[in-house]
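target-v1.cif follows (mmCIF, C-alpha atoms and all ligand atoms):
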```
data_start
#
loop_
_atom_site.label_atom_id
_atom_site.label_comp_id
_atom_site.auth_asym_id
_atom_site.auth_seq_id
_atom_site.Cartn_x
_atom_site.Cartn_y
_atom_site.Cartn_z
CA MET A 279 61.22 -41.07 -0.29
CA ASN A 280 61.29 -41.18 3.53
CA ALA A 281 58.23 -41.29 5.73
CA SER A 282 58.28 -37.64 6.75
CA ALA A 283 58.72 -36.48 3.15
CA SER A 284 55.72 -38.53 2.13
CA VAL A 285 53.68 -37.12 5.01
CA SER A 286 54.58 -33.60 3.99
CA ASP A 287 53.62 -34.39 0.37
CA GLN A 288 50.36 -35.76 1.64
CA LEU A 289 49.76 -32.54 3.58
CA ASP A 290 50.68 -30.39 0.59
CA GLN A 291 48.18 -32.29 -1.51
CA LEU A 292 45.56 -31.92 1.15
CA VAL A 293 46.11 -28.16 1.27
CA ALA A 294 46.00 -27.97 -2.53
CA ARG A 295 42.75 -29.97 -2.70
CA ALA A 296 41.16 -27.84 -0.01
CA ALA A 297 42.24 -24.63 -1.72
CA SER A 298 40.86 -25.82 -5.05
CA GLU A 299 37.56 -26.95 -3.51
CA PHE A 300 37.24 -23.60 -1.74
CA ALA A 301 37.95 -21.80 -4.98
CA GLY A 302 35.25 -23.87 -6.66
CA ALA A 303 32.61 -23.00 -4.03
CA ALA A 304 30.19 -20.66 -5.72
CA THR A 305 28.18 -19.67 -2.66
CA PRO A 306 28.88 -19.16 1.05
CA ALA A 307 26.89 -22.37 1.76
CA ASP A 308 29.06 -24.42 -0.65
CA LEU A 309 32.11 -22.97 1.03
CA GLU A 310 30.94 -23.95 4.51
CA ASN A 311 30.31 -27.52 3.29
CA ALA A 312 33.80 -27.67 1.80
CA LYS A 313 35.24 -26.36 5.04
CA ALA A 314 33.52 -29.13 6.98
CA ARG A 315 35.21 -31.75 4.79
CA TYR A 316 38.65 -30.54 5.98
CA LEU A 317 38.30 -28.73 9.24
CA GLY A 318 35.02 -30.19 10.54
CA LYS A 319 34.74 -32.79 13.35
CA SER A 320 35.35 -35.67 10.99
CA GLY A 321 37.16 -33.63 8.39
CA GLN A 322 40.34 -34.94 6.76
CA LEU A 323 42.69 -32.67 8.67
CA THR A 324 40.95 -33.42 11.93
CA ASP A 325 41.43 -37.14 11.26
CA LEU A 326 45.15 -36.56 10.82
CA MET A 327 45.29 -34.74 14.14
CA LYS A 328 43.53 -37.61 15.85
CA GLY A 329 46.15 -39.99 14.38
CA LEU A 330 48.91 -38.09 16.22
CA ALA A 331 47.95 -39.64 19.53
CA GLN A 332 49.47 -43.03 18.69
CA LEU A 333 52.87 -41.61 17.60
CA PRO A 334 56.04 -41.43 19.66
CA VAL A 335 56.79 -38.04 21.20
CA GLU A 336 59.50 -36.92 18.74
CA GLU A 337 57.52 -37.81 15.68
CA LYS A 338 54.41 -36.32 17.22
CA LYS A 339 56.20 -32.97 17.49
CA VAL A 340 57.41 -32.94 13.92
CA ARG A 341 54.21 -34.19 12.41
CA GLY A 342 52.09 -32.00 14.67
CA ALA A 343 53.97 -28.91 13.51
CA ALA A 344 53.51 -29.92 9.86
CA ILE A 345 49.79 -30.54 10.33
CA ASN A 346 49.46 -27.18 12.04
CA THR A 347 51.15 -25.43 9.15
CA ALA A 348 48.78 -27.20 6.75
CA LYS A 349 45.83 -26.25 8.90
CA GLN A 350 46.88 -22.60 8.85
CA ALA A 351 47.23 -22.74 5.07
CA ILE A 352 43.74 -24.23 4.73
CA GLU A 353 42.27 -21.64 7.08
CA ALA A 354 43.95 -18.86 5.11
CA ALA A 355 42.52 -20.25 1.84
CA LEU A 356 39.10 -20.43 3.49
CA ALA A 357 39.28 -16.84 4.73
CA ALA A 358 40.45 -15.62 1.34
CA ARG A 359 37.55 -17.37 -0.41
CA ARG A 360 35.05 -16.03 2.12
CA GLN A 361 36.30 -12.55 1.48
CA ALA A 362 36.19 -13.07 -2.29
CA LEU A 363 32.58 -14.28 -2.14
CA GLN A 364 31.61 -11.31 0.03
CA ASP A 365 33.32 -8.89 -2.34
CA ALA A 366 31.55 -10.45 -5.32
CA ASP A 367 28.24 -10.21 -3.54
CA LEU A 368 28.76 -6.56 -2.72
CA GLU A 369 29.86 -5.92 -6.27
CA ARG A 370 26.68 -7.55 -7.61
CA GLN A 371 24.52 -5.52 -5.25
CA LEU A 372 26.19 -2.28 -6.24
CA ARG A 373 25.72 -3.09 -9.90
CA ALA A 374 22.03 -3.95 -9.37
CA GLU A 375 21.38 -0.71 -7.52
CA ALA A 376 23.42 1.46 -9.84
CA LEU A 377 21.99 4.92 -10.46
CA ASP A 378 22.49 6.71 -13.71
CA VAL A 379 22.84 10.23 -12.41
CA THR A 380 22.83 11.55 -15.97
CA LEU A 381 19.20 10.43 -16.62
CA PRO A 382 16.78 13.35 -16.89
CA GLY A 383 14.60 13.75 -13.77
CA ARG A 384 10.94 12.78 -13.67
CA GLN A 385 8.77 15.83 -13.25
CA ARG A 386 5.77 16.01 -11.00
CA ASP A 387 3.51 18.98 -11.65
CA ALA A 388 2.39 21.08 -8.73
CA GLY A 389 -1.34 20.78 -8.01
CA GLY A 390 -3.65 23.69 -7.42
CA LEU A 391 -7.03 24.54 -6.03
CA HIS A 392 -10.15 23.83 -8.09
CA PRO A 393 -11.76 27.00 -9.48
CA ILE A 394 -14.83 26.38 -7.32
CA ALA A 395 -12.63 26.08 -4.24
CA LEU A 396 -10.92 29.33 -5.26
CA ALA A 397 -14.28 31.09 -5.62
CA TRP A 398 -15.51 29.58 -2.33
CA GLU A 399 -12.42 30.87 -0.48
CA ARG A 400 -12.82 34.27 -2.05
CA VAL A 401 -16.47 34.48 -0.99
CA GLU A 402 -15.43 33.67 2.59
CA GLN A 403 -12.66 36.26 2.56
CA VAL A 404 -14.87 39.03 1.25
CA PHE A 405 -17.74 38.40 3.67
CA ALA A 406 -15.37 37.89 6.60
CA SER A 407 -13.93 41.31 5.81
CA MET A 408 -17.49 42.67 6.04
CA GLY A 409 -17.93 41.24 9.54
CA PHE A 410 -19.74 37.99 8.66
CA ASP A 411 -19.11 34.80 10.60
CA VAL A 412 -18.55 31.68 8.44
CA ALA A 413 -20.58 28.58 9.36
CA ASP A 414 -20.72 25.02 8.12
CA GLY A 415 -23.47 22.39 8.38
CA PRO A 416 -24.65 18.94 7.26
CA GLU A 417 -25.41 17.99 3.67
CA ILE A 418 -27.85 15.27 4.76
CA GLU A 419 -30.61 17.35 6.23
CA SER A 420 -33.88 16.75 8.03
CA ASP A 421 -37.21 17.84 6.60
CA TRP A 422 -37.52 20.41 9.39
CA PHE A 423 -34.37 22.35 8.56
CA ASN A 424 -34.48 21.97 4.78
CA PHE A 425 -38.19 22.74 4.34
CA THR A 426 -40.62 23.04 7.22
CA ALA A 427 -38.76 25.54 9.43
CA LEU A 428 -38.27 27.60 6.28
CA ASN A 429 -42.02 28.03 6.08
CA ASN A 430 -42.26 25.32 3.45
CA PRO A 431 -44.34 22.55 5.11
CA PRO A 432 -45.15 19.16 3.54
CA ASN A 433 -47.47 19.51 0.54
CA HIS A 434 -46.57 23.19 0.06
CA PRO A 435 -46.46 23.79 -3.71
CA ALA A 436 -43.07 25.54 -3.41
CA ARG A 437 -41.50 22.19 -2.59
CA SER A 438 -41.73 21.22 -6.23
CA MET A 439 -39.20 23.99 -7.03
CA GLN A 440 -36.63 21.89 -5.22
CA ASP A 441 -36.95 18.23 -6.02
CA THR A 442 -34.14 16.36 -4.34
CA PHE A 443 -32.68 13.02 -3.33
CA TYR A 444 -34.12 11.33 -0.26
CA VAL A 445 -32.22 9.17 2.17
CA ASP A 446 -33.73 5.98 3.55
CA LEU A 447 -33.79 7.31 7.10
CA GLU A 448 -36.60 9.00 9.01
CA ASP A 449 -36.41 11.89 11.44
CA GLU A 450 -38.35 12.13 14.73
CA ASN A 451 -41.45 13.29 12.81
CA GLY A 452 -41.37 10.25 10.54
CA LEU A 453 -40.20 12.36 7.61
CA PRO A 454 -37.32 11.26 5.42
CA TYR A 455 -33.91 12.92 5.52
CA CYS A 456 -32.83 14.44 2.21
CA LEU A 457 -29.73 15.84 0.58
CA ARG A 458 -30.18 19.53 1.29
CA THR A 459 -31.54 21.42 -1.70
CA HIS A 460 -30.07 24.74 -0.59
CA THR A 461 -27.91 26.21 2.17
CA SER A 462 -30.96 27.94 3.70
CA PRO A 463 -31.30 25.30 6.47
CA MET A 464 -28.13 26.89 7.85
CA GLN A 465 -30.15 30.04 8.57
CA ILE A 466 -32.21 28.04 11.04
CA ARG A 467 -29.31 25.98 12.43
CA TYR A 468 -27.05 28.95 13.03
CA ALA A 469 -29.71 31.32 14.35
CA THR A 470 -31.16 28.63 16.64
CA ALA A 471 -27.73 27.87 18.05
CA HIS A 472 -27.21 31.54 18.84
CA ALA A 473 -30.78 32.61 19.62
CA ARG A 474 -30.49 32.48 23.42
CA ARG A 475 -27.30 34.48 23.45
CA HIS A 476 -28.77 37.16 21.19
CA ALA A 477 -32.09 37.31 23.02
CA ALA A 478 -30.24 37.71 26.33
CA ALA A 479 -28.06 40.47 24.89
CA LEU A 480 -31.11 42.28 23.56
CA ALA A 481 -32.82 41.97 26.96
CA ARG A 482 -29.77 43.69 28.49
CA GLY A 483 -30.29 46.49 25.99
CA GLU A 484 -27.19 45.59 23.98
CA VAL A 485 -27.00 45.68 20.20
CA SER A 486 -27.25 42.11 19.03
CA GLU A 487 -26.97 40.87 15.49
CA ILE A 488 -26.66 37.64 13.61
CA ARG A 489 -24.40 38.06 10.63
CA VAL A 490 -23.24 34.87 8.98
CA ILE A 491 -22.53 33.17 5.70
CA ALA A 492 -22.71 29.41 5.18
CA PRO A 493 -21.10 28.09 2.01
CA GLY A 494 -21.46 24.45 1.04
CA ARG A 495 -22.61 21.68 -1.27
CA THR A 496 -26.26 21.37 -2.24
CA TYR A 497 -28.25 18.87 -4.33
CA ARG A 498 -31.18 18.83 -6.73
CA VAL A 499 -32.61 16.61 -9.43
CA ASP A 500 -31.22 18.75 -12.26
CA ASN A 501 -28.60 18.12 -14.93
CA ASP A 502 -27.74 20.28 -17.95
CA ALA A 503 -25.14 22.83 -19.08
CA THR A 504 -26.07 25.25 -16.31
CA HIS A 505 -27.35 22.83 -13.62
CA SER A 506 -25.62 19.88 -12.01
CA PRO A 507 -27.17 17.50 -9.43
CA MET A 508 -24.52 18.66 -6.94
CA PHE A 509 -23.72 22.34 -6.82
CA HIS A 510 -22.50 24.95 -4.37
CA GLN A 511 -24.29 27.76 -2.64
CA VAL A 512 -23.44 30.37 -0.11
CA GLU A 513 -26.15 31.40 2.30
CA GLY A 514 -26.08 34.82 3.89
CA LEU A 515 -28.10 35.91 6.91
CA TRP A 516 -28.11 39.24 8.66
CA LEU A 517 -30.65 39.77 11.42
CA GLY A 518 -30.76 42.61 13.89
CA GLU A 519 -33.05 45.24 15.31
CA ASN A 520 -32.93 47.44 12.28
CA VAL A 521 -31.55 45.58 9.28
CA SER A 522 -33.36 46.47 6.08
CA PHE A 523 -33.49 45.77 2.36
CA LYS A 524 -31.23 48.80 1.94
CA ASP A 525 -28.54 46.91 3.89
CA LEU A 526 -29.05 43.88 1.64
CA LYS A 527 -28.47 46.02 -1.44
CA ALA A 528 -25.38 47.69 -0.01
CA THR A 529 -23.96 44.43 1.30
CA TYR A 530 -24.50 42.51 -1.91
CA LEU A 531 -23.15 45.29 -4.10
CA GLY A 532 -20.07 45.58 -1.88
CA PHE A 533 -19.58 41.84 -2.08
CA CYS A 534 -19.86 41.77 -5.90
CA LYS A 535 -17.42 44.63 -6.36
CA ALA A 536 -14.86 42.94 -4.10
CA PHE A 537 -15.42 39.47 -5.52
CA PHE A 538 -15.17 40.51 -9.18
CA GLU A 539 -12.57 43.21 -8.44
CA THR A 540 -14.43 45.87 -10.38
CA ASP A 541 -16.72 48.80 -9.66
CA ASP A 542 -17.99 48.53 -13.20
CA LEU A 543 -21.15 46.54 -12.43
CA ILE A 544 -24.77 47.13 -11.47
CA LEU A 545 -27.35 44.99 -9.66
CA ARG A 546 -31.06 44.49 -10.25
CA PHE A 547 -33.46 43.17 -7.63
CA ARG A 548 -36.22 41.36 -9.51
CA PRO A 549 -39.37 40.45 -7.54
CA SER A 550 -39.62 36.73 -6.88
CA TYR A 551 -41.06 34.23 -4.46
CA PHE A 552 -39.54 32.08 -1.71
CA PRO A 553 -41.65 30.77 1.19
CA PHE A 554 -39.01 31.87 3.71
CA THR A 555 -38.63 35.49 2.63
CA GLU A 556 -41.17 38.28 2.16
CA PRO A 557 -40.65 40.26 0.04
CA SER A 558 -38.35 38.15 -2.12
CA ALA A 559 -36.08 39.05 -5.00
CA GLU A 560 -33.73 37.48 -7.50
CA ILE A 561 -30.47 39.38 -7.72
CA ASP A 562 -29.17 39.90 -11.25
CA ILE A 563 -25.77 41.34 -12.07
CA GLN A 564 -24.70 43.26 -15.14
CA PHE A 565 -21.08 44.04 -15.98
CA GLN A 566 -20.59 47.36 -17.76
CA SER A 567 -17.41 46.27 -19.52
CA GLY A 568 -15.62 43.08 -20.47
CA PRO A 569 -16.86 40.05 -22.42
CA LEU A 570 -20.14 39.77 -20.48
CA ALA A 571 -21.00 43.48 -20.69
CA GLY A 572 -24.68 44.37 -21.01
CA LYS A 573 -26.18 40.97 -20.08
CA TRP A 574 -28.29 40.45 -16.98
CA LEU A 575 -27.05 37.36 -15.15
CA GLU A 576 -28.88 35.80 -12.25
CA VAL A 577 -26.61 35.17 -9.26
CA SER A 578 -28.76 34.91 -6.15
CA GLY A 579 -32.12 34.53 -4.47
CA SER A 580 -32.75 36.89 -1.59
CA GLY A 581 -35.35 38.55 0.56
CA GLN A 582 -36.42 39.82 3.94
CA VAL A 583 -36.59 36.92 6.37
CA HIS A 584 -40.22 35.86 6.90
CA PRO A 585 -41.48 36.50 10.48
CA GLN A 586 -42.53 32.85 10.82
CA VAL A 587 -38.97 31.80 9.99
CA VAL A 588 -37.62 34.19 12.65
CA ARG A 589 -40.03 32.58 15.10
CA ASN A 590 -38.84 29.12 14.05
CA MET A 591 -35.32 30.27 14.91
CA GLY A 592 -36.48 30.89 18.47
CA LEU A 593 -36.29 34.66 18.04
CA ASP A 594 -38.93 37.35 18.40
CA PRO A 595 -39.88 38.71 14.96
CA GLU A 596 -40.82 42.00 16.64
CA ARG A 597 -37.19 42.42 17.65
CA PHE A 598 -35.29 40.68 14.86
CA ILE A 599 -35.63 41.68 11.25
CA GLY A 600 -33.25 41.32 8.37
CA PHE A 601 -32.41 39.63 5.13
CA ALA A 602 -31.09 36.43 3.71
CA PHE A 603 -29.63 35.49 0.37
CA GLY A 604 -28.55 32.28 -1.30
CA SER A 605 -26.08 32.58 -4.17
CA GLY A 606 -24.66 29.98 -6.53
CA ILE A 607 -20.92 29.68 -5.96
CA ASP A 608 -20.50 27.77 -9.23
CA ARG A 609 -22.27 30.58 -11.03
CA LEU A 610 -20.03 33.17 -9.37
CA ALA A 611 -16.97 31.12 -10.40
CA MET A 612 -18.23 30.83 -13.99
CA LEU A 613 -18.66 34.59 -14.21
CA ARG A 614 -15.35 35.37 -12.57
CA TYR A 615 -13.33 32.95 -14.72
CA GLY A 616 -15.36 33.25 -17.94
CA ILE A 617 -16.52 29.63 -18.06
CA SER A 618 -19.61 28.92 -20.17
CA ASP A 619 -20.33 25.25 -19.36
CA LEU A 620 -20.83 24.24 -15.74
CA ARG A 621 -19.97 20.61 -16.54
CA LEU A 622 -16.31 21.53 -17.08
CA PHE A 623 -16.05 21.93 -13.31
CA PHE A 624 -16.88 18.30 -12.65
CA GLU A 625 -15.13 16.41 -15.45
CA GLY A 626 -11.72 16.41 -13.76
CA ASP A 627 -9.89 17.28 -17.00
CA VAL A 628 -6.42 18.57 -16.08
CA ARG A 629 -6.24 20.62 -19.28
CA PHE A 630 -9.11 22.66 -17.86
CA LEU A 631 -8.08 22.56 -14.20
CA SER A 632 -4.41 23.44 -14.75
CA GLN A 633 -5.47 26.83 -16.09
CA PHE A 634 -6.38 27.81 -12.54
CA ALA A 635 -3.41 26.28 -10.70
N1 LIG A 701 -32.57 29.04 -0.91
C1 LIG A 701 -32.96 29.73 -2.10
C2 LIG A 701 -32.62 28.86 -3.31
O1 LIG A 701 -31.91 27.95 -3.19
C3 LIG A 701 -32.25 31.04 -2.25
C4 LIG A 701 -32.57 32.02 -1.17
C5 LIG A 701 -31.83 32.07 -0.04
C6 LIG A 701 -33.64 32.90 -1.34
C7 LIG A 701 -32.14 32.99 0.97
C8 LIG A 701 -33.95 33.82 -0.37
C9 LIG A 701 -33.19 33.86 0.77
O2 LIG A 701 -33.07 29.08 -4.39
#
```
Take the structure in the file and give it back as structure tokens.
Amino acid sequence: MNASASVSDQLDQLVARAASEFAGAATPADLENAKARYLGKSGQLTDLMKGLAQLPVEEKKVRGAAINTAKQAIEAALAARRQALQDADLERQLRAEALDVTLPGRQRDAGGLHPIALAWERVEQVFASMGFDVADGPEIESDWFNFTALNNPPNHPARSMQDTFYVDLEDENGLPYCLRTHTSPMQIRYATAHARRHAAALARGEVSEIRVIAPGRTYRVDNDATHSPMFHQVEGLWLGENVSFKDLKATYLGFCKAFFETDDLILRFRPSYFPFTEPSAEIDIQFQSGPLAGKWLEVSGSGQVHPQVVRNMGLDPERFIGFAFGSGIDRLAMLRYGISDLRLFFEGDVRFLSQFA
């Protein structure tokens, strides 16, 4: 065996060892380490190249060419293994993220509005169509708006009709804020906010009216099948130069017919008492057909706005007269949808709620 043959054997073995080490590298990091052992600064092939320097020119040429060939072979093996590892990695990723397009889809049911929200919206629509503005106000209310301005001062016996929750916060009169017991404070808030405009219009001899509803959440210390500590009311207020009880009757009847989508009902105005209206009446409804036919059902308090309340609004009771009502939205929803237990509204049971979606 001559010298050059043995060198070329040596190179062949080197290439074979490198190829087999590359093939055995399981990860890209292993592969880079293996590469360093051959092609790195002090790698085996690099050492051979360094050895060339001492050789005579002729031999240097021959051996240099052979080393180069070996180097190319090693680089090719390296590139092939790199590619193989990359392919395997991609393959693994694809397998991990595989989708079975034949699996049945997961269904998400469409939601819907709560029956109280549906009734609330309906109330707004009907009154808006009758020319009423729709107003909104705070649920945490001061003593003035919830009671005193409504002619129901501290120690008035009528306060006991509306026991509520108090908030640990005092107003400018040293009285505690409460969770509003009714939407009636909105009568004062809305009328006060618009009083100047209406008084000015009246002074110019123009027709000026306040016509508004205010739906919202209200609170009382009450809890049974027909009362919940949180409930919903809609306040109505219509004040003008010549608005009478007759208008209240016509308005409320028109509302009920539109809301319940039937003409087959009658109303009864039953004398009652509220400090902020005089005279006052409970409004009862009776359907003439259907499952509730023949029963009187209470739906609203109402009355002619008390002159002192008109004064508290900043308006002249000699010029502004009219009516107010406060109806239970939950009650209206129960009657419209035939629900007998108020508590169903607040239990969040989808079997109940999905019937309205
Ligand atoms: N605020 C009264 C209640 O909650 C209802 C009502 C409103 C009565 C307006 C008369 C006028 O019971």
Which residues of chain A sit at most 8 Å from ligand LIG 701 (chain A), using all atoms listed in the file? Give each one's shortest atom pair and distance in Å (one decimal place), in chain and ascending residue order, as CSV.
```
residue,atom,partner,partner_atom,distance
A:Gln440,CA,A:LIG701,O1,7.9
A:Thr459,CA,A:LIG701,O1,6.7
A:His460,CA,A:LIG701,O1,4.5
A:Thr461,CA,A:LIG701,N1,6.3
A:Ser462,CA,A:LIG701,N1,5.0
A:Gln511,CA,A:LIG701,O1,7.6
A:Glu513,CA,A:LIG701,C5,6.2
A:Gly514,CA,A:LIG701,C7,7.0
A:Leu515,CA,A:LIG701,C7,7.8
A:Phe552,CA,A:LIG701,C6,6.0
A:Phe554,CA,A:LIG701,C8,6.8
A:Thr555,CA,A:LIG701,C8,5.8
A:Ser558,CA,A:LIG701,C8,6.4
A:Ala559,CA,A:LIG701,C8,7.3
A:Glu560,CA,A:LIG701,C6,7.7
A:Ser578,CA,A:LIG701,C3,6.5
A:Gly579,CA,A:LIG701,C6,3.8
A:Ser580,CA,A:LIG701,C8,3.5
A:Gly581,CA,A:LIG701,C8,5.0
A:Gln582,CA,A:LIG701,C9,7.5
A:Val583,CA,A:LIG701,C9,7.2
A:Phe601,CA,A:LIG701,C9,7.3
A:Ala602,CA,A:LIG701,C9,4.4
A:Phe603,CA,A:LIG701,C7,3.6
A:Gly604,CA,A:LIG701,C5,3.5
A:Ser605,CA,A:LIG701,C3,6.6
```
Inset, instruction - Can you work out which one of A:Ser486, A:Thr540, A:Thr442, A:Thr380 has the shortest atom-to-atom distance to Asp500 (chain A), counting all atoms listed in the file? - result: A:Thr442
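Those residues that approach region 361-378 of chain A to within 10 Å, counting all atoms listed in the file, are Ala301, Ala303, Ala304, Thr305, Pro306, Leu309, Ala355, Leu356, Ala357, Ala358, Leu381 and Pro382 of chain A; same-chain residues fewer than 3 positions away are not listed.
Residues with any atom within 8 Å of Ala413 (chain A), counting all atoms listed in the file and excluding same-chain neighbours fewer than 2 positions away, are Asp411, Gly415, Met464, Tyr468, Val490, Ile491, Ala492 and Pro493 of chain A.
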Inset, instruction - Might you pull out every residue within 8 Å of region 613-624 of chain A, with all atoms listed in the file counted and same-chain residues fewer than 3 positions away left off, and present them as a ChimeraX atom specification? - result: /A:393-394,502-506,538,608-610,627,630
Inset, instruction - Measure the distance from CA of Gln633 (chain A) to CA of Leu545 (chain A) in Å and round it to one decimal. - result: 29.2 Å
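Atom to atom, CA of Pro416 (chain A) and CA of His510 (chain A) stand 13.3 Å apart.
Among the candidates A:Glu336, A:Asp525, A:Asp287, A:Glu353, the one nearest to Phe300 (chain A) when counting all atoms listed in the file is A:Glu353.
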Inset, instruction - Find the residues around region 567-569 of chain A up to 7 Å (only C-alpha atoms counted), leave out those fewer than 2 positions away in its own chain, and share them as an MDAnalysis selection string. - result: chainID A and resid 542 565 571
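You will find CA of Leu391 (chain A) at 18.0 Å from CA of Val404 (chain A).
In this comparison, which uses only C-alpha atoms, the residue of A:Glu487, A:Asp290, A:Asp421, A:Asp562 approaching Lys349 (chain A) most closely is A:Asp290.
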Legend entry - Contact residues around Glu299 (chain A) with all atoms listed in the file at 12 Å, ignoring same-chain residues under 2 positions, as a list in words: Leu292, Val293, Ala294, Arg295, Ala296, Ala297, Ala301, Gly302, Ala303, Ala304, Thr305, Asp308, Leu309, Glu310, Asn311, Ala312, Lys313, Ala314, Arg315, Tyr316, Ile352, Ala355, Leu356 and Arg359 of chain A
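Considering the residues A:Gly342, A:Gly532, A:Gly626, A:Gly518 and counting only C-alpha atoms, Glu596 (chain A) has its shortest atom-to-atom contact with A:Gly518.
The closest residue to Phe423 (chain A), picked from A:Gln350, A:Asn590, A:Gln566, A:Gln332 and counting all atoms listed in the file, is A:Asn590.
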